[in-house]
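A.B. asks: I'm passing along coords-v6.cif; it holds mmCIF, C-alpha atoms.
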data_query
#
loop_
_atom_site.label_atom_id
_atom_site.label_comp_id
_atom_site.auth_asym_id
_atom_site.auth_seq_id
_atom_site.Cartn_x
_atom_site.Cartn_y
_atom_site.Cartn_z
CA MET L 25 23.71 18.52 -0.38
CA SER L 26 20.43 18.92 1.54
CA ASP L 27 18.78 16.39 -0.78
CA TYR L 28 20.67 13.67 1.07
CA TYR L 29 19.98 14.63 4.68
CA THR L 30 17.70 12.49 6.78
CA TYR L 31 15.19 14.38 8.89
CA TYR L 32 13.26 13.76 12.08
CA TYR L 33 10.56 15.96 13.54
CA ILE L 34 8.54 16.19 16.75
CA ASN L 35 4.95 15.29 15.95
CA ALA L 36 1.71 16.37 17.64
CA ASP L 37 2.12 13.62 20.23
CA LYS L 38 5.56 14.98 21.19
CA GLN L 39 7.21 11.92 19.64
CA LYS L 40 10.28 12.00 17.44
CA GLU L 41 9.27 10.74 13.99
CA GLY L 42 11.56 9.69 11.15
CA PRO L 43 13.86 9.28 9.43
CA HIS L 44 12.42 11.01 6.35
CA ASP L 45 13.95 12.38 3.19
CA LEU L 46 13.42 15.88 1.81
CA VAL L 47 10.50 14.88 -0.40
CA THR L 48 8.63 13.32 2.54
CA MET L 49 9.23 16.45 4.62
CA MET L 50 7.83 18.53 1.77
CA ARG L 51 4.67 16.43 1.75
CA ARG L 52 4.28 16.78 5.53
CA ILE L 53 4.57 20.55 5.15
CA ARG L 54 2.06 20.62 2.29
CA SER L 55 -0.46 18.61 4.32
CA GLY L 56 0.00 20.82 7.40
CA ILE L 57 1.50 18.08 9.57
CA ILE L 58 4.77 20.02 9.84
CA LYS L 59 4.31 23.68 10.69
CA THR L 60 6.77 26.55 10.77
CA GLN L 61 7.56 26.06 14.48
CA THR L 62 7.73 22.26 14.40
CA LEU L 63 11.05 21.09 15.79
CA VAL L 64 13.13 19.33 13.13
CA TYR L 65 16.37 17.36 13.45
CA ARG L 66 18.51 17.43 10.31
CA GLY L 67 20.90 14.50 10.41
CA ASP L 68 22.81 14.61 13.70
CA GLU L 69 22.30 18.33 14.19
CA ASP L 70 20.44 19.91 17.11
CA PRO L 71 16.70 20.48 16.63
CA THR L 72 15.48 23.73 15.18
CA SER L 73 12.20 25.20 13.95
CA ALA L 74 11.27 23.90 10.51
CA HIS L 75 11.12 27.32 8.87
CA VAL L 76 14.72 28.07 9.89
CA LEU L 77 16.11 25.34 7.62
CA GLU L 78 16.60 26.86 4.19
CA GLU L 79 15.52 23.81 2.19
CA LEU L 80 12.31 23.48 4.26
CA ALA L 81 11.53 27.20 4.40
CA HIS L 82 11.25 27.08 0.61
CA PHE L 83 8.17 24.85 0.89
CA PHE L 84 6.48 27.13 3.43
CA ASN L 85 7.10 30.18 1.29
CA SER L 86 6.00 28.62 -2.01
CA PRO L 87 2.97 26.47 -1.18
CA SER L 88 2.02 25.92 -4.81
CA GLN L 89 5.40 24.57 -5.84
CA ASP L 90 6.32 20.89 -5.83
CA LEU L 91 9.39 19.05 -7.09
CA ARG L 92 7.42 18.16 -10.22
CA GLY L 93 4.97 21.09 -10.20
CA ASP L 94 1.53 21.38 -8.66
CA LEU L 95 0.14 18.22 -7.10
CA GLN L 96 -2.87 16.74 -8.83
CA GLU L 97 -5.99 18.23 -7.27
CA ASP L 98 -8.42 15.74 -8.68
CA ASN L 99 -8.15 12.47 -6.73
CA GLU L 100 -9.99 10.47 -9.38
CA ILE L 101 -7.70 8.06 -11.17
CA SER L 102 -7.27 8.68 -14.89
CA ILE L 103 -5.44 6.04 -16.91
CA SER L 104 -4.99 8.45 -19.81
CA GLU L 105 -3.37 11.06 -17.53
CA TYR L 106 -1.00 8.46 -16.07
CA LEU L 107 -0.04 7.21 -19.53
CA SER L 108 0.50 10.80 -20.61
CA ALA L 109 2.76 11.32 -17.59
CA GLY L 110 4.60 8.14 -18.55
CA TRP L 111 5.15 9.37 -22.09
CA ASP L 112 6.43 12.71 -20.75
CA PHE L 113 8.79 10.81 -18.47
CA LEU L 114 10.15 8.83 -21.41
CA SER L 115 10.54 12.00 -23.49
CA GLU L 116 12.39 13.82 -20.70
CA ASN L 117 14.61 10.82 -19.86
CA PRO L 118 15.45 9.00 -23.12
CA MET L 119 18.26 7.08 -21.43
CA THR L 120 15.60 5.09 -19.56
CA THR L 121 14.89 3.36 -22.87
CA VAL L 122 18.55 2.40 -23.21
CA SER L 123 18.59 1.15 -19.61
CA ALA L 124 15.47 -0.94 -20.18
CA GLY L 125 17.07 -2.41 -23.30
CA LEU L 126 20.21 -3.31 -21.38
CA MET L 127 18.11 -4.95 -18.67
CA LEU L 128 16.38 -7.04 -21.31
CA ALA L 129 19.67 -7.98 -23.00
CA LEU L 130 21.40 -8.97 -19.75
CA SER L 131 18.39 -11.00 -18.62
CA GLY L 132 18.33 -12.73 -21.99
CA LEU L 133 22.05 -13.50 -21.69
CA VAL L 134 21.51 -15.07 -18.25
CA GLY L 135 18.62 -17.11 -19.63
CA TRP L 136 20.69 -18.30 -22.60
CA MET L 137 23.62 -19.32 -20.38
CA LEU L 138 21.32 -21.33 -18.13
CA SER L 139 19.65 -22.98 -21.11
CA GLN L 140 22.98 -24.39 -22.26
CA THR L 141 23.33 -26.40 -19.07
CA PHE L 142 19.93 -26.80 -17.44
CA GLY L 143 17.40 -26.50 -20.26
CA ILE L 144 14.57 -24.20 -21.25
CA LEU L 145 12.78 -24.11 -17.89
CA ALA L 146 15.91 -22.86 -16.12
CA ALA L 147 16.37 -20.31 -18.89
CA VAL L 148 12.88 -18.89 -18.38
CA VAL L 149 13.25 -18.79 -14.60
CA GLY L 150 16.71 -17.23 -14.81
CA PHE L 151 15.55 -14.61 -17.29
CA TRP L 152 12.57 -13.65 -15.13
CA VAL L 153 14.47 -13.48 -11.84
CA MET L 154 17.31 -11.45 -13.36
CA PHE L 155 14.87 -9.05 -14.97
CA MET L 156 13.01 -8.54 -11.67
CA LEU L 157 16.25 -7.94 -9.77
CA MET L 158 17.33 -5.21 -12.15
CA LYS L 159 13.84 -3.79 -12.41
CA SER L 160 13.73 -2.99 -8.68
CA THR L 161 16.74 -0.68 -9.06
CA TYR L 162 15.25 0.71 -12.26
CA LEU L 163 12.09 1.64 -10.34
CA VAL L 164 13.80 3.56 -7.53
CA VAL L 165 16.14 5.41 -9.90
CA SER L 166 13.16 6.29 -12.13
CA LEU L 167 11.29 7.74 -9.16
CA ARG L 168 14.25 10.02 -8.48
CA LEU L 169 14.37 11.07 -12.13
CA TYR L 170 10.61 11.69 -12.17
CA ARG L 171 10.97 14.07 -9.24
CA GLY L 172 13.99 15.81 -10.70
CA GLN L 173 16.25 14.56 -7.91
CA ARG L 174 19.87 13.55 -8.26
CA THR L 175 20.96 10.00 -9.06
CA ASP L 176 24.70 10.47 -8.63
CA ILE L 177 27.27 8.60 -6.54
CA VAL L 178 26.02 10.27 -3.35
CA PHE L 179 22.52 8.90 -4.01
CA ILE L 180 23.99 5.43 -4.53
CA ASP L 181 26.08 5.63 -1.35
CA LYS L 182 23.61 7.24 1.05
CA ILE L 183 20.20 6.13 -0.20
CA LEU L 184 20.40 3.13 -2.54
CA SER L 185 23.20 1.11 -0.90
CA PRO L 186 21.56 0.79 2.57
CA ILE L 187 18.36 -0.68 1.12
CA PHE L 188 19.88 -2.59 -1.79
CA PRO L 189 20.03 -6.07 -0.13
CA THR L 190 16.41 -5.75 1.03
CA LEU L 191 15.40 -4.47 -2.39
CA LEU L 192 16.91 -7.56 -4.01
CA PHE L 193 15.12 -9.85 -1.55
CA LEU L 194 11.86 -8.05 -2.27
CA SER L 195 12.46 -8.61 -5.98
CA LEU L 196 12.95 -12.34 -5.45
CA VAL L 197 9.74 -12.61 -3.43
CA PHE L 198 7.69 -10.90 -6.11
CA ALA L 199 9.46 -12.82 -8.87
CA LEU L 200 7.70 -15.85 -7.37
CA LEU L 201 4.41 -14.18 -6.39
CA ILE L 202 3.65 -12.65 -9.79
CA PRO L 203 3.78 -15.91 -11.82
CA VAL L 204 1.82 -17.77 -9.12
CA GLY L 205 -0.84 -15.06 -9.24
CA GLY L 206 -0.94 -15.33 -13.01
CA ILE L 207 -1.35 -19.11 -12.94
CA PHE L 208 -4.33 -19.08 -10.62
CA LEU L 209 -6.07 -15.78 -11.32
CA ILE L 210 -5.02 -12.82 -13.43
CA PHE L 211 -6.28 -10.15 -10.99
CA PRO L 212 -3.96 -11.23 -8.12
CA ALA L 213 -1.05 -11.16 -10.59
CA LEU L 214 -1.85 -7.56 -11.53
CA LEU L 215 -2.10 -6.64 -7.84
CA ALA L 216 1.25 -8.33 -7.19
CA ILE L 217 2.92 -6.27 -9.93
CA LEU L 218 1.34 -3.10 -8.55
CA LEU L 219 2.39 -3.97 -5.01
CA PHE L 220 5.95 -4.68 -6.15
CA VAL L 221 6.24 -1.30 -7.89
CA LEU L 222 4.81 0.67 -4.96
CA SER L 223 6.88 -1.24 -2.39
CA ALA L 224 10.15 -0.50 -4.17
CA MET L 225 9.27 3.19 -4.38
CA TYR L 226 8.12 3.33 -0.77
CA MET L 227 11.31 1.66 0.40
CA VAL L 228 13.58 4.24 -1.21
CA ASP L 229 11.40 7.04 0.16
CA HIS L 230 11.44 5.80 3.75
CA GLN L 231 14.57 3.62 4.00
CA CYS L 232 12.43 0.91 5.58
CA ASN L 233 12.50 -2.89 5.53
CA GLY L 234 10.67 -5.01 2.99
CA LEU L 235 7.75 -6.01 5.21
CA GLU L 236 7.02 -2.43 6.16
CA ALA L 237 7.23 -1.34 2.53
CA ILE L 238 4.78 -4.06 1.47
CA SER L 239 2.43 -3.29 4.37
CA GLU L 240 2.37 0.45 3.72
CA SER L 241 2.03 -0.03 -0.03
CA TRP L 242 -0.92 -2.34 0.54
CA LYS L 243 -2.52 0.39 2.65
CA LEU L 244 -2.10 2.79 -0.27
CA ILE L 245 -3.93 0.32 -2.52
CA ALA L 246 -6.56 -0.57 0.09
CA LYS L 247 -7.68 3.02 0.56
CA LEU L 248 -8.66 3.25 -3.12
CA ASP L 249 -12.29 2.60 -3.96
CA ARG L 250 -13.25 -0.36 -6.12
CA LYS L 251 -13.42 1.72 -9.29
CA SER L 252 -9.97 3.15 -8.72
CA LYS L 253 -8.52 -0.29 -7.99
CA LEU L 254 -9.93 -1.59 -11.26
CA LYS L 255 -8.50 1.38 -13.15
CA ILE L 256 -5.01 1.07 -11.72
CA CYS L 257 -5.03 -2.68 -12.35
CA GLY L 258 -6.21 -1.84 -15.85
CA LEU L 259 -3.08 0.28 -16.27
CA VAL L 260 -0.94 -2.67 -15.19
CA PHE L 261 -2.86 -4.93 -17.58
CA ILE L 262 -2.17 -2.53 -20.47
CA TYR L 263 1.51 -2.68 -19.59
CA VAL L 264 1.59 -6.48 -19.52
CA ILE L 265 -0.36 -6.92 -22.77
CA SER L 266 1.62 -4.20 -24.54
CA MET L 267 4.92 -5.89 -23.70
CA VAL L 268 3.69 -9.32 -24.76
CA LEU L 269 1.84 -8.40 -27.94
CA VAL L 270 2.69 -4.95 -29.26
CA PHE L 271 5.38 -2.66 -27.89
CA PRO L 272 8.98 -3.61 -27.11
CA ILE L 273 9.99 -3.57 -23.47
CA PRO L 274 12.56 -0.74 -23.91
CA VAL L 275 9.72 1.59 -24.89
CA MET L 276 6.83 0.36 -22.77
CA LEU L 277 8.73 -0.12 -19.52
CA PRO L 278 9.76 3.56 -19.13
CA ILE L 279 6.23 4.69 -20.00
CA PHE L 280 4.71 2.33 -17.44
CA VAL L 281 7.23 3.26 -14.75
CA GLY L 282 6.67 6.98 -15.38
CA ALA L 283 2.92 6.41 -15.13
CA MET L 284 3.39 4.52 -11.85
CA CYS L 285 5.61 7.29 -10.46
CA CYS L 286 2.73 9.69 -11.12
CA ALA L 287 0.24 7.28 -9.53
CA TYR L 288 2.49 6.74 -6.50
CA GLU L 289 2.71 10.49 -5.92
CA ASP L 290 -1.08 10.75 -6.13
CA PHE L 291 -1.61 7.84 -3.72
CA ILE L 292 0.69 9.16 -1.02
CA ASN L 293 -0.71 12.68 -1.25
CA SER L 294 -4.39 11.75 -1.37
#
Render the structure in this file as structure tokens.

C.D. replies:
Amino acid sequence: MSDYYTYYYINADKQKEGPHDLVTMMRRIRSGIIKTQTLVYRGDEDPTSAHVLEELAHFFNSPSQDLRGDLQEDNEISISEYLSAGWDFLSENPMTTVSAGLMLALSGLVGWMLSQTFGILAAVVGFWVMFMLMKSTYLVVSLRLYRGQRTDIVFIDKILSPIFPTLLFLSLVFALLIPVGGIFLIFPALLAILLFVLSAMYMVDHQCNGLEAISESWKLIAKLDRKSKLKICGLVFIYVISMVLVFPIPVMLPIFVGAMCCAYEDFINS
């Protein structure tokens, strides 16, 4: 059950830092922030040296191993590599296509119901808001699947449930921001989509509030150079155009989300 512990550790400034999940602790170990003798609190237990905890000792003893394999060494963004990772994600998790289809169907049902009473504008708004609400959960579950982590009832109870209200609020905020960005300029709309995806993933990683998730996600984007920003926005643009003109959402959404999971891992480890 170690996948569901929350961890704290004593940093270089002698401050207690956390809470973090197992994946975050792994990254701190890989980057050298957490060393073998770093004091770690697992849940409500007394502190102990990091290497004493079995699930953390594994990362010290196998430095080349990650939950998804070796981390990408080349920091340069490659759209083709991200799309390839997205296709692999879809192939490994075919039920994500079914889930995306159900999201689309339920959103369409909400839109149709609203259209019967309030007209076409309400139908469009209702469809979009419902789709964004469900998509936020889809994102965080997909990140778990991408990493090979569990998505069972314990995950729902201990990780998803505490952040779920904030996740829904975040979805509503971006449900408004994305169309506004599209009306005025396309580039801000692409950034809003990117920020929404990263914020949802960051929130489930760190169990933080919406503002902190947005702030930290913006920092991840801001540290990219101009060329990398254009490339990652290009990936989002491909996703948007593909859904509108070519590929059905049940196929393109899992590919895009898998690609963004890969990008998110690269951003936080760069």

A.B. asks: Write out as a compact mmCIF listing (two decimals) with C-alpha atoms, in the coordinates of the input which residues come within 12 Å of Gly206 (chain L) when counting only C-alpha atoms, dropping same-chain ones fewer than 4 positions away.

C.D. replies:
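File written: out-v4.txt
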# COMPACT_ATOMS: atom_id res chain seq x y z
CA PHE L 198 7.69 -10.90 -6.11
CA ALA L 199 9.46 -12.82 -8.87
CA LEU L 200 7.70 -15.85 -7.37
CA LEU L 201 4.41 -14.18 -6.39
CA ILE L 202 3.65 -12.65 -9.79
CA ILE L 210 -5.02 -12.82 -13.43
CA PHE L 211 -6.28 -10.15 -10.99
CA PRO L 212 -3.96 -11.23 -8.12
CA ALA L 213 -1.05 -11.16 -10.59
CA LEU L 214 -1.85 -7.56 -11.53
CA LEU L 215 -2.10 -6.64 -7.84
CA ALA L 216 1.25 -8.33 -7.19
CA ILE L 217 2.92 -6.27 -9.93
CA PHE L 261 -2.86 -4.93 -17.58
CA VAL L 264 1.59 -6.48 -19.52

A.B. asks: Work out how far CA of Cys232 (chain L) is from CA of Leu126 (chain L), in Å to one decimal.

C.D. replies: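 These atoms are spaced 28.4 Å apart.
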
A.B. asks: Nearest to Trp242 (chain L): which of L:Tyr288, L:Ile262, L:Ser139, L:Asp37 is it, counting all atoms listed in the file?

C.D. replies: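 Ranking L:Tyr288, L:Ile262, L:Ser139, L:Asp37 by distance to Trp242 (chain L), first place goes to L:Tyr288.
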
A.B. asks: Could you list, as a ChimeraX atom specification, every residue matched by the PyMOL selection byres ((chain L and resi 156-170) around 6) in this structure?

C.D. replies: /L:153-155,171-173,192,195,225,285

A.B. asks: Using all atoms listed in the file, which residue out of L:Gly282, L:Ala147, L:Met119, L:Asp229 lies closest to Ser131 (chain L)?

C.D. replies: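 The shortest atom-to-atom distance to Ser131 (chain L) comes from L:Ala147.
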
A.B. asks: To verify the selection step, state as a PyMOL selection string which residues the PyMOL selection byres ((chain L and resi 101-118) around 7) yields on this input.

C.D. replies: chain L and resi 99-100+119-121+170+252+255+259+278-283+286-287

A.B. asks: Give me the result of the PyMOL selection byres ((chain L and resi 227) around 10) on this file, residue by residue, as a PyMOL selection string.

C.D. replies: chain L and resi 164+183-184+187-188+190-191+222-226+228-238+240-241

A.B. asks: Please, what distance in Å, to one decimal, runs between CA of Val134 (chain L) and CA of Leu218 (chain L)?

C.D. replies: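 Value for the CA of Val134 (chain L)-CA of Leu218 (chain L) distance: 25.4 Å.
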
A.B. asks: Which value, in Å to one decimal, gives the distance between CA of Val197 (chain L) and CA of Gly135 (chain L)?

C.D. replies: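 About the pair CA of Val197 (chain L) and CA of Gly135 (chain L): they are 19.0 Å apart.
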
A.B. asks: Env of Lys40 (chain L): 10 Å cut, atoms = all atoms listed in the file, seq-sep filter 6 positions within chain, self excluded. Answer as a list of chain:residue names.

C.D. replies: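 The neighbour list is L:Tyr32, L:Tyr33, L:Ile34, L:Leu63, L:Val64, L:Tyr65.
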
A.B. asks: Nearest to Leu133 (chain L) among L:Val148, L:Val221, L:Ile207, L:Leu194, with distances taken over only C-alpha atoms: which residue is it?

C.D. replies: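 Among L:Val148, L:Val221, L:Ile207, L:Leu194, it is L:Val148 that comes nearest to Leu133 (chain L).
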